[in-house]
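Peer 1: Take this structure, written in structure tokens, and hold onto it; I'll ask about it next.
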Amino acid sequence: MERRLSAASRRSAPSPIQQLSHLAQRVGAVNLAEGFPDFPAPLHVKAAAAAAIAADLNQYRHVQGICDILAETVKRDHGLDVDPLTDFVICCGQSEAFAAAIFASIIDQGDEVLLFDPAYETYETCIELARGVPVYVQLDPPSWTLNEDKFLKSFTSRTKAVVLNSYFPHNPTGKVFSKEELLIIAQACQKMDCFAITDEVYEYITYDENKHISLASLPGMQERTIITSSLSKTYSVTGWRIGWACAAASIASAIRNIHVKLTDSAPAPFQEAALIALTSTPDYYKSLKKDYEGRRDFILQLLRDFGFHITFKPQGSVFVFAELPRSWQLSDIDFVTTLIKDAGVAAVPGRGFFHRCCDGESYHHRYVRFAFCKGDDTLKAAALNMRKLAGRGGMGITGRREDQTEFTSP
């Protein structure tokens, strides 16, 4: 019966992340591939979930208090006036919020959606399932800058939406768009009368002097922007699947109708826990940023010592997108496979984030993504294994000798 499967399902092959994660599991590799924390979630958040389960809050449920808190938050952080009763939809994670937003905004076969490349892989599948056409706009390495001319030339009469794919900050590169770049995007959306769909899950994880700016906060953009986000990254609960969409009432209503038909409601006890998470003190967010900044700097030093030439320091998110040195005669897949087998460390080949319209670019097989949202023991184990491989001359790398390399704890 395989031939009876839909064309969309046949196009949706396992990703390089999934395939190499399976290899990593088989050999017991240290996992720097997947972007989930392996350290505990905050105690006060876990306690709230446990209390909700014990109180039998385990059935279909909509916790309006989440919307009330979020409305206060976007007003405080971004100056947005929203109605908590009509402008939010609680979903099963950002992924469902994004999918429902796409299904709500892409209503005709052949509608085009602009995405910035490299891009997180989930977006393309959602667009294609909605019968839309993904159109990729290349960002220019090594700093992943927006090329205004390329961007504006990508619009056609069929363009329905622009997706800012994890650009607050960006997965996989860790770039934070400048206000000037965001203004270019905002002005184009207004001129072409397009939706903007943003993924803002990393809004609290930015580094140095970089700050998150919500596209909806720019002039003329609130009415046409659909914000999607979640608890997952900020509170280290990627498996709880609590996310949301925020949009003008008529758009939110369409998203809500789709959400109800897809999943009915998000997990009830974790919605209750969201009330506690979302009211965390300012010190929590300062500590989160400081801790991740230390982990970022640790992994950057590790990669430099291993032989990488780091040309772009992540401005946010939990990833480093590192280019393989030209002297290494390896593709991204060859490098990651060897790293897993010979060093017991898993990363992600970068080609999975680049897309077919841009396959001619030589650099697409030269990047590797490393996740640093890991505990101290995990990062130290990865460093030890990679130092040993470099000391053996693995991959033609000499690197620093193990007894010469000192790493400070993240």
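Within each chain, counting starts at residue 1; across the structure tokens, chains are named A, B, ... in the order shown, with ligands numbered 1 upward in that order.
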Please, which residues in range 296-384 of chain A fall within 12 Å of range 188-203 of chain A when counting only C-alpha atoms, and what is the closest atom pair and distance in Å to one decimal for each, ordered by chain then residue number, as JSON lines?

Peer 2:
```
{"residue": "A:Gln315", "atom": "CA", "partner": "A:Tyr202", "partner_atom": "CA", "distance": 10.9}
{"residue": "A:Gly316", "atom": "CA", "partner": "A:Tyr202", "partner_atom": "CA", "distance": 7.3}
{"residue": "A:Ser317", "atom": "CA", "partner": "A:Tyr202", "partner_atom": "CA", "distance": 5.5}
{"residue": "A:Val318", "atom": "CA", "partner": "A:Tyr202", "partner_atom": "CA", "distance": 8.3}
{"residue": "A:Phe319", "atom": "CA", "partner": "A:Tyr202", "partner_atom": "CA", "distance": 10.9}
{"residue": "A:Cys373", "atom": "CA", "partner": "A:Tyr202", "partner_atom": "CA", "distance": 12.0}
```

Peer 1: How about saving the chosen residues, all heavy atoms kept, as a CSV table (one decimal), in the first residue's frame?

Peer 2:
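Output contents, as saved in out_28.csv:
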```csv
chain,number,residue,atom,x,y,z
A,315,GLN,N,24.9,35.2,18.3
A,315,GLN,CA,24.4,36.3,19.0
A,315,GLN,C,23.2,35.9,19.9
A,315,GLN,O,22.7,36.7,20.7
A,315,GLN,CB,23.9,37.4,18.0
A,315,GLN,CG,25.1,37.9,17.1
A,315,GLN,CD,24.6,38.6,15.9
A,315,GLN,OE1,23.5,38.4,15.4
A,315,GLN,NE2,25.4,39.6,15.4
A,316,GLY,N,22.7,34.7,19.7
A,316,GLY,CA,21.6,34.2,20.4
A,316,GLY,C,21.4,32.7,20.1
A,316,GLY,O,22.1,32.1,19.3
A,317,SER,N,20.3,32.1,20.6
A,317,SER,CA,19.9,30.7,20.5
A,317,SER,C,20.9,29.8,21.2
A,317,SER,O,21.7,30.2,22.0
A,317,SER,CB,19.8,30.3,19.0
A,317,SER,OG,21.0,29.9,18.4
A,318,VAL,N,20.9,28.5,20.9
A,318,VAL,CA,21.7,27.5,21.6
A,318,VAL,C,22.6,26.7,20.7
A,318,VAL,O,22.9,25.6,20.9
A,318,VAL,CB,20.8,26.6,22.5
A,318,VAL,CG1,20.1,27.4,23.6
A,318,VAL,CG2,19.8,25.8,21.6
A,319,PHE,N,22.9,27.3,19.5
A,319,PHE,CA,23.6,26.6,18.5
A,319,PHE,C,24.8,27.4,18.0
A,319,PHE,O,24.8,28.7,18.0
A,319,PHE,CB,22.7,26.4,17.3
A,319,PHE,CG,21.5,25.6,17.6
A,319,PHE,CD1,20.3,26.2,17.6
A,319,PHE,CD2,21.5,24.2,18.0
A,319,PHE,CE1,19.1,25.5,17.9
A,319,PHE,CE2,20.4,23.6,18.3
A,319,PHE,CZ,19.2,24.2,18.2
A,373,CYS,N,23.1,23.5,24.5
A,373,CYS,CA,22.2,23.6,25.6
A,373,CYS,C,22.3,22.3,26.4
A,373,CYS,O,21.3,21.5,26.6
A,373,CYS,CB,20.7,23.7,25.0
A,373,CYS,SG,20.4,22.6,23.7
```

Peer 1: Taking only C-alpha atoms into account, which of A:Trp240, A:Phe270, A:Phe354, A:Tyr292 comes nearest Pro118 in chain A?

Peer 2: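 For Pro118 in chain A, the nearest of the given residues is A:Phe354.
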
Peer 1: Contacts of Val133 in chain A at 10 Å or less, counting only C-alpha atoms, minus same-chain residues fewer than 6 places along, as a ChimeraX atom specification?

Peer 2: /A:106,109-114,124-125,127,158-160

Peer 1: If you count only C-alpha atoms, which residues fall within 9 Å of range 329-335 of chain A, apart from same-chain ones fewer than 3 positions away, as a list in words?

Peer 2: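 Answer for this query is Pro16, Glu323, Leu324, Pro325, Arg326, Thr338, Leu339, Ile340, Val348, Pro349, Gly350, Arg351, His364, His365, Arg366, Tyr367, Val368, Met395 and Gly396 of chain A.
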
Peer 1: Take the residues that were just selected and, keeping C-alpha atoms, output them as a PDB file, in the first residue's frame.

Peer 2:
```
ATOM      1  CA  PRO A  16      19.910  14.239   8.694  1.00  0.00           C
ATOM      2  CA  GLU A 323      32.334  26.123   8.926  1.00  0.00           C
ATOM      3  CA  LEU A 324      34.763  23.285   8.301  1.00  0.00           C
ATOM      4  CA  PRO A 325      38.293  24.518   7.535  1.00  0.00           C
ATOM      5  CA  ARG A 326      39.178  24.305   3.856  1.00  0.00           C
ATOM      6  CA  THR A 338      33.541  10.329  11.632  1.00  0.00           C
ATOM      7  CA  LEU A 339      33.054  12.460  14.744  1.00  0.00           C
ATOM      8  CA  ILE A 340      30.331  10.096  15.970  1.00  0.00           C
ATOM      9  CA  VAL A 348      24.378  17.915  12.771  1.00  0.00           C
ATOM     10  CA  PRO A 349      25.548  18.285   9.151  1.00  0.00           C
ATOM     11  CA  GLY A 350      24.632  21.741   7.916  1.00  0.00           C
ATOM     12  CA  ARG A 351      23.296  20.714   4.509  1.00  0.00           C
ATOM     13  CA  HIS A 364      26.304  24.275   1.736  1.00  0.00           C
ATOM     14  CA  HIS A 365      28.257  21.108   2.514  1.00  0.00           C
ATOM     15  CA  ARG A 366      30.831  22.898   4.687  1.00  0.00           C
ATOM     16  CA  TYR A 367      28.850  23.724   7.864  1.00  0.00           C
ATOM     17  CA  VAL A 368      28.161  21.726  11.023  1.00  0.00           C
ATOM     18  CA  MET A 395      40.525  13.614  10.416  1.00  0.00           C
ATOM     19  CA  GLY A 396      44.013  14.917   9.730  1.00  0.00           C
TER      20      GLY A 396
END
```

Peer 1: Give me, please, the distance in Å between CA of Leu164 in chain A and CA of Ile255 in chain A, quoted to one decimal.

Peer 2: 18.0 Å

Peer 1: Between A:Asp291, A:Glu128, A:Pro267, A:Gly220, single out the one closest to Gly243 in chain A, counting only C-alpha atoms.

Peer 2: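 Comparing A:Asp291, A:Glu128, A:Pro267, A:Gly220 against Gly243 in chain A, the winner is A:Pro267.
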
Peer 1: Based on the backbone DSSP call, show me all residues of range 44-171 of chain A assigned alpha helix (DSSP H), as JSON, numbers by chain.

Peer 2: {"A": [44, 45, 46, 47, 48, 49, 50, 51, 52, 53, 54, 64, 65, 66, 67, 68, 69, 70, 71, 72, 73, 74, 75, 76, 77, 78, 93, 94, 95, 96, 97, 98, 99, 100, 101, 102, 103, 104, 105, 122, 123, 124, 125, 126, 127, 128, 129, 148, 149, 150, 151, 152, 153]}

Peer 1: Just checking: using only C-alpha atoms, which residue out of A:Asn171, A:Gln18, A:Gln187, A:Ser230 ends up closest to Leu152 in chain A?

Peer 2: A:Gln187

Peer 1: Can you tell me how far CA of Asp305 in chain A sits from CA of Met386 in chain A, in Å to one decimal?

Peer 2: 9.4 Å

Peer 1: Which residue gives the smallest distance to Pro42 in chain A among A:Thr337, A:Ser280, A:Ser12, A:Ser143, with only C-alpha atoms counted?

Peer 2: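 Once distances to Pro42 in chain A are computed over only C-alpha atoms, the minimum belongs to A:Ser280.
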
Peer 1: Which neighbours of Ser214 in chain A fall inside 10 Å, counting only C-alpha atoms, when residues of the same chain fewer than 2 positions from it are skipped, and could you give them as number ranges by chain?

Peer 2: A: 74, 77-80, 167-168, 179, 182, 198-200, 203, 211-212, 216-218, 221-222, 225, 227

Peer 1: Identify, on the basis of only C-alpha atoms, every residue whose closest approach to range 29-40 of chain A does not exceed 7 Å; exclude the query and any residue fewer than 5 positions from it along the same chain; express the result as a ChimeraX atom specification.

Peer 2: /A:24,236,238,340,344-348,370-375,378,382
